[in-house]
Structure formats: C-alpha cells, structure tokens
>>> print(open('run-v2.cif').read())   # mmCIF, C-alpha atoms
data_run
loop_
_atom_site.label_atom_id
_atom_site.label_comp_id
_atom_site.auth_asym_id
_atom_site.auth_seq_id
_atom_site.Cartn_x
_atom_site.Cartn_y
_atom_site.Cartn_z
CA MET A 1 0.00 0.00 0.00
CA ASP A 2 2.83 2.37 0.90
CA ASP A 3 4.63 1.62 -2.38
CA ALA A 4 1.46 2.37 -4.32
CA LEU A 5 1.09 5.72 -2.55
CA VAL A 6 4.72 6.57 -3.27
CA ARG A 7 4.31 5.72 -6.95
CA ALA A 8 1.08 7.71 -7.13
CA GLY A 9 2.78 10.70 -5.52
CA ARG A 10 5.66 10.51 -7.97
CA ALA A 11 3.27 10.26 -10.92
CA LEU A 12 1.31 13.25 -9.63
CA ARG A 13 4.47 15.33 -9.21
CA PHE A 14 5.63 14.34 -12.69
CA ALA A 15 2.28 15.31 -14.21
CA LEU A 16 2.32 18.63 -12.34
CA LEU A 17 5.88 19.41 -13.51
CA CYS A 18 4.92 18.56 -17.11
CA ALA A 19 1.91 20.88 -16.91
CA LEU A 20 4.03 23.70 -15.47
CA ALA A 21 6.68 23.13 -18.15
CA LEU A 22 4.05 23.43 -20.87
CA LEU A 23 2.75 26.66 -19.35
CA PHE A 24 6.31 27.98 -19.21
CA LEU A 25 6.85 27.13 -22.90
CA ILE A 26 3.65 28.82 -24.15
CA PRO A 27 5.24 32.31 -24.53
CA PHE A 28 8.13 30.82 -26.51
CA TYR A 29 5.69 28.93 -28.73
CA LEU A 30 3.75 32.14 -29.40
CA LEU A 31 6.94 34.02 -30.27
CA LEU A 32 8.01 31.35 -32.74
CA ARG A 33 4.55 30.76 -34.20
CA ASN A 34 3.73 34.43 -34.76
CA GLY A 35 7.26 35.32 -35.78
CA LEU A 36 7.07 32.88 -38.70
CA SER A 37 3.56 33.92 -39.73
CA SER A 38 2.16 36.63 -41.94
CA GLU A 39 0.17 39.55 -40.58
CA ARG A 40 -2.99 37.86 -41.85
CA ASP A 41 -2.23 34.60 -40.03
CA ILE A 42 -1.48 36.45 -36.78
CA THR A 43 -4.71 38.46 -36.79
CA SER A 44 -6.93 35.70 -38.21
CA PRO A 45 -9.89 34.78 -35.94
CA GLU A 46 -9.31 31.10 -36.83
CA TRP A 47 -6.40 29.89 -34.72
CA THR A 48 -4.00 27.27 -36.09
CA PHE A 49 -1.20 25.62 -34.18
CA PHE A 50 1.23 26.69 -36.92
CA PRO A 51 0.48 28.43 -40.22
CA ALA A 52 0.36 26.31 -43.35
CA HIS A 53 3.46 28.05 -44.70
CA LEU A 54 6.19 29.14 -42.33
CA ARG A 55 7.68 32.46 -43.44
CA TRP A 56 11.38 32.14 -42.74
CA SER A 57 11.79 35.22 -44.90
CA ASN A 58 10.61 37.21 -41.85
CA VAL A 59 14.09 36.79 -40.37
CA THR A 60 15.71 38.26 -43.47
CA GLU A 61 13.13 41.03 -43.57
CA LEU A 62 13.91 41.89 -39.95
CA PHE A 63 17.62 42.40 -40.55
CA ASP A 64 17.07 44.15 -43.90
CA ASP A 65 14.57 46.66 -42.51
CA PRO A 66 16.14 50.10 -43.11
CA SER A 67 13.97 51.79 -40.49
CA VAL A 68 15.37 49.64 -37.63
CA THR A 69 19.02 48.56 -37.61
CA PHE A 70 18.34 45.44 -35.56
CA ALA A 71 21.80 43.92 -36.06
CA ARG A 72 23.33 47.10 -34.63
CA ALA A 73 20.89 46.97 -31.72
CA LEU A 74 21.94 43.38 -30.97
CA LEU A 75 25.60 44.43 -31.00
CA ASN A 76 24.91 47.38 -28.70
CA SER A 77 23.00 45.21 -26.23
CA ALA A 78 25.77 42.60 -26.25
CA VAL A 79 28.51 45.18 -25.61
CA ILE A 80 26.50 46.91 -22.88
CA ALA A 81 25.41 43.68 -21.16
CA VAL A 82 28.87 42.08 -21.19
CA THR A 83 30.67 45.24 -20.07
CA THR A 84 28.11 45.97 -17.36
CA THR A 85 28.34 42.39 -16.11
CA LEU A 86 32.14 42.40 -15.92
CA GLY A 87 32.25 45.82 -14.29
CA THR A 88 29.57 44.94 -11.76
CA LEU A 89 31.32 41.70 -10.85
CA LEU A 90 34.62 43.52 -10.32
CA LEU A 91 33.25 46.45 -8.31
CA GLY A 92 30.69 44.40 -6.37
CA SER A 93 33.15 41.68 -5.42
CA LEU A 94 35.83 44.18 -4.38
CA ALA A 95 33.35 46.12 -2.26
CA GLY A 96 31.91 42.94 -0.76
CA TYR A 97 35.35 41.53 0.04
CA GLY A 98 36.49 44.80 1.58
CA LEU A 99 33.40 45.05 3.79
CA ALA A 100 33.68 41.42 4.85
CA ARG A 101 37.41 41.06 5.41
CA ILE A 102 39.33 44.34 5.66
CA PRO A 103 39.23 45.67 9.25
CA TYR A 104 37.45 49.02 9.43
CA ARG A 105 35.36 50.22 12.34
CA HIS A 106 32.75 51.86 10.10
CA ALA A 107 32.38 48.87 7.76
CA ASN A 108 28.91 47.98 9.01
CA LYS A 109 27.73 51.58 8.69
CA VAL A 110 28.96 51.71 5.11
CA PHE A 111 27.26 48.40 4.39
CA TYR A 112 23.94 49.58 5.83
CA ALA A 113 24.21 52.79 3.80
CA ILE A 114 24.68 50.73 0.65
CA LEU A 115 21.66 48.59 1.56
CA ALA A 116 19.62 51.74 2.08
CA THR A 117 20.12 52.66 -1.57
CA LEU A 118 18.12 49.56 -2.51
CA MET A 119 15.06 51.20 -0.93
CA VAL A 120 15.36 54.33 -3.07
CA PRO A 121 13.10 54.09 -6.16
CA ALA A 122 14.95 54.33 -9.46
CA ALA A 123 12.68 57.20 -10.51
CA VAL A 124 14.17 59.38 -7.75
CA THR A 125 17.71 59.17 -9.14
CA PHE A 126 16.75 59.04 -12.81
CA VAL A 127 16.65 62.79 -13.47
CA PRO A 128 19.90 63.64 -11.57
CA SER A 129 21.66 60.79 -13.38
CA PHE A 130 20.44 62.04 -16.74
CA VAL A 131 21.54 65.61 -15.98
CA LEU A 132 25.00 64.37 -14.96
CA VAL A 133 25.40 62.18 -18.04
CA SER A 134 24.18 64.99 -20.29
CA SER A 135 26.60 67.49 -18.75
CA LEU A 136 29.47 65.08 -19.43
CA GLY A 137 28.47 64.81 -23.10
CA TRP A 138 27.74 61.09 -22.85
CA ILE A 139 24.36 61.07 -24.59
CA SER A 140 24.14 58.29 -27.22
CA THR A 141 27.48 56.82 -26.13
CA TYR A 142 28.50 53.55 -24.52
CA ARG A 143 29.86 55.50 -21.56
CA GLY A 144 26.47 57.03 -20.85
CA LEU A 145 24.73 53.69 -21.19
CA ILE A 146 27.20 51.69 -19.10
CA VAL A 147 29.00 53.77 -16.46
CA PRO A 148 25.94 54.85 -14.37
CA THR A 149 24.82 51.22 -14.01
CA LEU A 150 28.15 49.61 -13.11
CA PHE A 151 27.84 49.53 -9.32
CA SER A 152 25.07 47.36 -7.89
CA ALA A 153 24.16 47.41 -4.20
CA PHE A 154 22.53 44.01 -4.69
CA ALA A 155 25.77 42.52 -6.05
CA CYS A 156 27.72 44.06 -3.17
CA PHE A 157 25.30 42.51 -0.68
CA ILE A 158 25.53 39.05 -2.27
CA PHE A 159 29.32 39.10 -2.36
CA ARG A 160 29.64 40.34 1.22
CA GLN A 161 27.37 37.59 2.49
CA TYR A 162 29.38 35.01 0.58
CA PHE A 163 32.78 36.27 1.71
CA LEU A 164 31.68 36.31 5.37
CA GLY A 165 31.40 32.53 5.11
CA PHE A 166 34.58 32.06 3.07
CA PRO A 167 37.15 29.85 4.87
CA ARG A 168 39.57 32.10 6.72
CA ASP A 169 42.22 29.37 6.79
CA LEU A 170 42.87 29.84 3.07
CA GLU A 171 43.30 33.58 3.52
CA ASP A 172 45.49 33.15 6.60
CA ALA A 173 47.75 30.79 4.65
CA ALA A 174 48.01 33.37 1.87
CA HIS A 175 48.90 36.10 4.37
CA VAL A 176 51.59 33.87 5.89
CA ASP A 177 53.08 33.52 2.37
CA GLY A 178 53.27 37.31 2.17
CA LEU A 179 50.19 38.06 0.10
CA GLY A 180 48.30 41.26 0.81
CA HIS A 181 44.56 41.79 0.57
CA TRP A 182 44.61 42.41 -3.20
CA ARG A 183 46.65 39.35 -4.15
CA THR A 184 44.71 37.21 -1.67
CA TYR A 185 41.48 38.34 -3.28
CA TRP A 186 42.73 37.78 -6.82
CA ARG A 187 44.66 34.51 -6.37
CA ILE A 188 42.76 32.75 -3.58
CA VAL A 189 39.24 34.16 -3.22
CA VAL A 190 38.19 34.65 -6.86
CA PRO A 191 39.17 31.15 -8.11
CA ASN A 192 37.21 29.59 -5.22
CA ALA A 193 34.12 31.77 -5.63
CA THR A 194 32.98 30.60 -9.06
CA PRO A 195 29.36 29.82 -8.04
CA VAL A 196 28.59 33.27 -6.66
CA PHE A 197 30.34 35.01 -9.57
CA ALA A 198 28.35 32.95 -12.06
CA ALA A 199 25.08 33.55 -10.21
CA VAL A 200 25.52 37.31 -9.88
CA GLY A 201 26.88 37.58 -13.42
CA THR A 202 23.85 35.79 -14.87
CA ILE A 203 21.40 37.99 -12.99
CA VAL A 204 23.24 41.19 -13.95
CA PHE A 205 23.54 40.14 -17.62
CA ILE A 206 19.81 39.42 -17.89
CA GLY A 207 18.96 42.72 -16.21
CA ALA A 208 21.32 44.70 -18.48
CA TRP A 209 20.01 42.97 -21.61
CA ASN A 210 16.38 43.68 -20.67
CA SER A 211 16.97 47.28 -19.58
CA PHE A 212 14.67 49.66 -21.45
CA LEU A 213 14.05 53.04 -19.81
CA TRP A 214 17.65 54.20 -19.37
CA PRO A 215 18.77 53.15 -22.91
CA LEU A 216 15.61 54.76 -24.31
CA VAL A 217 16.51 58.15 -22.81
CA ILE A 218 20.29 58.04 -23.27
CA GLY A 219 20.42 56.29 -26.66
CA GLN A 220 18.78 59.10 -28.61
CA ASP A 221 20.54 58.26 -31.90
CA GLN A 222 19.47 55.11 -33.70
CA SER A 223 23.10 53.94 -33.73
CA ALA A 224 22.93 53.74 -29.91
CA TRP A 225 19.65 51.80 -29.72
CA THR A 226 19.57 48.56 -27.76
CA VAL A 227 17.42 45.53 -28.51
CA GLN A 228 14.62 46.62 -26.18
CA VAL A 229 14.45 50.09 -27.74
CA ALA A 230 14.46 48.58 -31.22
CA LEU A 231 11.58 46.27 -30.25
CA SER A 232 9.49 49.24 -29.14
CA SER A 233 9.94 50.87 -32.56
CA PHE A 234 7.88 48.15 -34.26
CA THR A 235 4.76 49.46 -32.50
CA THR A 236 3.91 53.08 -33.26
CA ALA A 237 0.78 55.21 -33.31
CA GLN A 238 0.59 54.77 -37.10
CA THR A 239 1.61 51.14 -37.69
CA VAL A 240 2.03 47.88 -35.85
CA ARG A 241 4.34 45.40 -37.59
CA LEU A 242 3.40 42.29 -35.65
CA HIS A 243 5.40 39.70 -37.59
CA GLU A 244 8.61 41.73 -37.25
CA LEU A 245 7.90 42.41 -33.59
CA PHE A 246 7.46 38.72 -32.78
CA ILE A 247 10.46 37.48 -34.76
CA ALA A 248 12.61 40.26 -33.27
CA ALA A 249 11.49 39.27 -29.78
CA ALA A 250 12.31 35.63 -30.52
CA VAL A 251 15.80 36.56 -31.73
CA SER A 252 16.42 38.82 -28.74
CA VAL A 253 15.49 36.04 -26.31
CA LEU A 254 18.06 33.58 -27.68
CA PRO A 255 21.14 35.10 -25.91
CA LEU A 256 19.28 35.06 -22.59
CA LEU A 257 18.31 31.42 -23.05
CA LEU A 258 21.90 30.46 -23.84
CA VAL A 259 23.26 32.32 -20.81
CA PHE A 260 20.61 30.85 -18.52
CA LEU A 261 21.09 27.29 -19.79
CA CYS A 262 24.86 27.54 -19.36
CA PHE A 263 24.78 28.97 -15.83
CA GLN A 264 21.44 27.83 -14.36
CA ARG A 265 23.02 25.36 -11.95
CA TRP A 266 25.29 28.08 -10.60
CA ILE A 267 22.44 30.48 -9.83
CA THR A 268 20.92 28.36 -7.07
CA ALA A 269 24.32 27.20 -5.80
CA GLY A 270 25.66 30.74 -5.64
CA VAL A 271 22.65 32.17 -3.83
CA GLU A 272 22.61 29.27 -1.35
CA ARG A 273 26.32 29.62 -0.61
CA ALA A 274 25.85 33.35 -0.12
CA GLY A 275 23.61 32.56 2.85
CA ILE A 276 20.40 34.09 1.48
CA ASP A 277 17.05 32.57 2.41
#
>>> encode(input="run-v2.cif", output="structure tokens")
Amino acid sequence: MDDALVRAGRALRFALLCALALLFLIPFYLLLRNGLSSERDITSPEWTFFPAHLRWSNVTELFDDPSVTFARALLNSAVIAVTTTLGTLLLGSLAGYGLARIPYRHANKVFYAILATLMVPAAVTFVPSFVLVSSLGWISTYRGLIVPTLFSAFACFIFRQYFLGFPRDLEDAAHVDGLGHWRTYWRIVVPNATPVFAAVGTIVFIGAWNSFLWPLVIGQDQSAWTVQVALSSFTTAQTVRLHELFIAAAVSVLPLLLVFLCFQRWITAGVERAGID
C-alpha cells in the first residue's frame, strides 16, 4: 500500500511538472509561431497551431529593414550587457570583500548605507543621473549607457554575504606567504568563488540585456539603440508590424536562453552559498 502511494505521488508530481513546463513554454511557442507567420495569419480569428506556410523570410526582412538597424541593436546590447556584467562583478566583489574582510570600524555603517540605496526608487535618481550624463556629453554613447549602471548594491550585498562565510584558513595561509589583501582576493578568493560570480553575473547580464528606460533616454541616436528600444519601434501610433515584432522578440530572447542554460546550476548554488534565504 505504501509503495502504491509513493508511486502515485511521484506520478502526480511528474504530471504537475509537465503541466508547469508546458505553461512555461507557451510564450516561446507564441513568439516562434507568430514570428514565422504573416500579418494575416497572426490576426486571423481562426487559430492554427502553426500556419500552413512558415515564413522564414521574416528573419531576413527583420535584418534588412532600413527603419530599424536590428543587427546594430543586438551588438549594442551585447557590448553593454557584457561590459556591465564584468564591471559589476569587479566592483561588487571588491566592495563585498572589503566590507567582509578588511578591518574598518565603520564597515557595518557603510554596508547599511549601501543597503539603504536599494530602498530608493529608481525614478528618484533618474533625473539627476540624466543631468550628470548629459553634462558630461555622454548622450548616445557607450559610456552614458554603461557607467551609471556599473555599481550594484545588490551585487555588493551578495558578495559580502558570501565572503563572510569564506574559509579564513585559506586567507590566513596566503597572508603567511606574504600576500596582501589584493593578491589574496585575486589569487585565492576569486578562483574559489565561481558559483557566486556565475550567479551574480547571470542575474546582472539578464537585467542589463532587458533594460529599457535608461537606454531609451540616453540612446537618442538610432546607432545607440539597444534591442529593447528597437523592439518598441515596431509598434507606433501609425503602424504595428506584428510579424517583425514577434520574430525580433524571438531573436532577442536567444542570448538570454543560452546564458541561462549555461549557468542555471550556478544560480541556485551561488545564492545558497551566499547565505540568502
């Protein structure tokens, strides 16, 4: 009887997971189905699982569209996301390691001040940040799109929590060998902190890739558009190009899927090892 209940429970969990997986895949199915359809198929009242003729030419049309340089937008998003991720990992890990390991009587006060910035709505700092970037002449430049977003209080918090639990014996051995805080961080701490770096890096990359409001305001020239800004241009007050919008969204999701699939096991491991409930 107990074995039957166990098997029934496993079957129920499996069925539930399959149902949830199907629900999770519905948006991706819609992106692919509508992206390879004509405008008529998308707006038709008679729904079909897939159109009779898949229009792979929509992909070519997307990249050949002179009104939206989508290839350039992909390049801009890639440069911004990668640079922001690397910069955030460097600054966040250095700040977290310093707050966790370097003796300083005001370290906790500094840490709490950093945490307090997480409670400030982004809208409050948006205008001052724009004025500063504009005064520096960084409108429609990579500097204006990247520099203001490099430091993350969230990343600093994650790294500090992780480094508080990092084995001190390894650091003590490095100090005995004559290594200072910088070389201990670079040679001992970083190579042994792969999970938290991968977890924070994945989260930051996804956030930078999906960022819309700041690139919309700073990237005023079309050459500085990111993927999210380019996607918004397919829907205007005059026209709505649904097939291009859907295929562009499908293409823009691919880098995120690749990053997530490559680092998904590190996300949970890194957050757990950082001591976050």
>>> closest_residue(input="run-v2.cif", among="A:Thr202, A:Ser152, A:Thr88, A:Ser134", to="A:Cys262", atoms="only C-alpha atoms")
A:Thr202
>>> closest_residue(input="run-v2.cif", among="A:Trp182, A:Phe154, A:Phe28, A:Trp138", to="A:Leu257", atoms="all atoms listed in the file")
A:Phe28
>>> resolve_selection(input="run-v2.cif", expression="the PyMOL selection byres ((chain A and resi 67) around 10)", output="ChimeraX atom specification")
/A:62,64-66,68-70,222,230,233-234
>>> resolve_selection(input="run-v2.cif", expression="the PyMOL selection byres ((chain A and resi 217) around 10)", output="ChimeraX atom specification")
/A:130,139-140,145,212-216,218-221,225,229
>>> closest_residue(input="run-v2.cif", among="A:Ala224, A:Ala8, A:Val133, A:Leu36", to="A:Pro148", atoms="all atoms listed in the file")
A:Val133
>>> atom_distance(input="run-v2.cif", atom1="atom CA of A:Leu32", atom2="atom CA of A:Leu54")
10.0 Å
